[in-house]
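Working notes for the structure below.
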Amino acid sequence: MSNPFTQPPTKEQKAAADEFTNSCVFKAGFSGIAGYGIGLVFGLVLSGIEFSSPVDTSASTKQQIKTVFRDMGTKSLSSAKNFAIMAAIYSGSECMIESYRARNDIYNSIGAGCVTGGTLAVRTGPRGMAAGCAGFAAFSAAIDWYMHRDD
């Protein structure tokens, strides 16, 4: 019996894989996972230079280290969650906008930035959502312009 992992994929299998990996659900999920990983690293680095919670100097050195590492872990997980949500919303909305418009241009990034900023600011009310929309859209436009300025 031959090993199925050593056989090259058929055209149907390649087409199915391409269809799945090009779906908006896959892109949003993959971006969320990548955002989580980036957020973990980012949170770990930033928590190492932030001294928001004072260390009890009367505690033993071992207890102080445990407290600092626990605080770093909490901040890293919080940052990872925030990055994952932001990346998934942005990537998913950009994919849906691009699929609807059938174009790949800067306006997809601007729209996705607006959707992301507005969604993340939903608890702040309409003014906060408008500000979040404008801020994320401007940032997305600047990044997209910078990345494609030579095209």
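Residue numbering restarts at 1 in every chain; chains get A, B, ... in the order shown in the structure tokens, and ligands count up from 1 in that same order.
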Would you pick out the contacts of range 100-106 of chain A at 9 Å or less, using only C-alpha atoms, so that residues sharing its chain but fewer than 6 positions from it are not included, and give the list as number ranges by chain?
A: 140-141, 144-145, 148
Residues flagged helix (DSSP H, G or I) by DSSP in range 28-67 of chain A, as a short mmCIF file (atom, residue, chain, number, x, y, z; two decimals) with N, CA and C atoms, in the first residue's frame:
```
data_model
loop_
_atom_site.label_atom_id
_atom_site.label_comp_id
_atom_site.auth_asym_id
_atom_site.auth_seq_id
_atom_site.Cartn_x
_atom_site.Cartn_y
_atom_site.Cartn_z
N ALA A 28 -9.24 35.67 7.90
CA ALA A 28 -9.50 36.30 9.19
C ALA A 28 -8.98 35.42 10.33
N GLY A 29 -9.21 34.12 10.26
CA GLY A 29 -8.73 33.22 11.29
C GLY A 29 -7.22 33.16 11.38
N PHE A 30 -6.58 33.08 10.22
CA PHE A 30 -5.12 33.03 10.20
C PHE A 30 -4.54 34.34 10.72
N SER A 31 -5.14 35.46 10.34
CA SER A 31 -4.67 36.76 10.83
C SER A 31 -4.86 36.88 12.34
N GLY A 32 -5.96 36.33 12.85
CA GLY A 32 -6.18 36.34 14.29
C GLY A 32 -5.13 35.55 15.03
N ILE A 33 -4.78 34.39 14.49
CA ILE A 33 -3.74 33.56 15.12
C ILE A 33 -2.38 34.26 15.06
N ALA A 34 -2.06 34.83 13.91
CA ALA A 34 -0.79 35.57 13.78
C ALA A 34 -0.79 36.79 14.70
N GLY A 35 -1.91 37.49 14.77
CA GLY A 35 -2.01 38.65 15.66
C GLY A 35 -1.83 38.26 17.11
N TYR A 36 -2.35 37.10 17.48
CA TYR A 36 -2.18 36.61 18.85
C TYR A 36 -0.70 36.41 19.15
N GLY A 37 0.02 35.78 18.22
CA GLY A 37 1.46 35.55 18.42
C GLY A 37 2.24 36.84 18.50
N ILE A 38 1.94 37.78 17.62
CA ILE A 38 2.63 39.07 17.63
C ILE A 38 2.30 39.82 18.92
N GLY A 39 1.04 39.76 19.33
CA GLY A 39 0.63 40.42 20.56
C GLY A 39 1.32 39.86 21.79
N LEU A 40 1.53 38.54 21.81
CA LEU A 40 2.26 37.94 22.93
C LEU A 40 3.66 38.51 23.05
N VAL A 41 4.36 38.55 21.93
CA VAL A 41 5.73 39.07 21.94
C VAL A 41 5.74 40.56 22.28
N PHE A 42 4.85 41.30 21.64
CA PHE A 42 4.77 42.74 21.88
C PHE A 42 4.45 43.02 23.35
N GLY A 43 3.48 42.31 23.90
CA GLY A 43 3.12 42.49 25.29
C GLY A 43 4.24 42.12 26.24
N LEU A 44 4.97 41.07 25.91
CA LEU A 44 6.09 40.65 26.75
C LEU A 44 7.19 41.71 26.78
N VAL A 45 7.50 42.27 25.61
CA VAL A 45 8.54 43.30 25.53
C VAL A 45 8.11 44.55 26.28
N LEU A 46 6.87 45.00 26.04
CA LEU A 46 6.42 46.22 26.69
C LEU A 46 6.23 46.06 28.19
N SER A 47 5.81 44.88 28.63
CA SER A 47 5.63 44.69 30.07
C SER A 47 6.98 44.64 30.79
N GLY A 48 8.02 44.30 30.07
CA GLY A 48 9.35 44.27 30.68
C GLY A 48 9.91 45.66 30.95
N ILE A 49 9.41 46.67 30.23
CA ILE A 49 9.92 48.03 30.45
C ILE A 49 8.93 48.90 31.21
N THR A 61 13.00 37.24 47.39
CA THR A 61 13.37 37.42 45.98
C THR A 61 12.58 36.49 45.09
N LYS A 62 12.38 35.27 45.53
CA LYS A 62 11.61 34.29 44.75
C LYS A 62 10.17 34.77 44.56
N GLN A 63 9.57 35.31 45.61
CA GLN A 63 8.20 35.80 45.52
C GLN A 63 8.12 37.04 44.63
N GLN A 64 9.12 37.91 44.69
CA GLN A 64 9.14 39.09 43.82
C GLN A 64 9.23 38.68 42.35
N ILE A 65 10.06 37.69 42.05
CA ILE A 65 10.20 37.20 40.67
C ILE A 65 8.89 36.61 40.18
N LYS A 66 8.23 35.82 41.04
CA LYS A 66 6.94 35.24 40.68
C LYS A 66 5.91 36.33 40.37
N THR A 67 5.90 37.37 41.19
CA THR A 67 4.95 38.47 40.99
C THR A 67 5.22 39.18 39.68
#
```
Could you list, as a PyMOL selection string, every residue within 6 Å of Gly118 in chain A, counting only C-alpha atoms and ignoring same-chain residues fewer than 4 positions away?
chain A and resi 114+129+132-133
Please report the interatomic distance between CA of Asn22 in chain A and CA of Glu94 in chain A in Å with one decimal.
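Going from CA of Asn22 in chain A over to CA of Glu94 in chain A, I get 12.6 Å.
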Write out as JSON, numbers by chain the residues lying within 12 Å of Leu120 in chain A, counting only C-alpha atoms and excluding same-chain residues fewer than 2 positions away.
{"A": [82, 83, 85, 86, 87, 88, 89, 90, 113, 114, 115, 116, 117, 118, 122, 123, 124, 125, 126, 128, 129, 130, 131, 132, 133, 135, 136]}
So how many Å separate CA of Cys95 in chain A and CA of Lys14 in chain A, to one decimal?
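Computed distance, CA of Cys95 in chain A to CA of Lys14 in chain A, equals 21.1 Å.
Note that CA of Asp150 in chain A and CA of Ala84 in chain A are 29.7 Å apart.
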For Ser99 in chain A, which residue out of A:Ser79, A:Gln13, A:Ser23, A:Thr57 is the nearest one, using only C-alpha atoms?
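Closest residue, counting only C-alpha atoms: A:Ser23.
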If you count only C-alpha atoms, the residue of A:Pro54, A:Ser78, A:Cys24, A:Ala137 closest to Met96 in chain A turns out to be A:Cys24
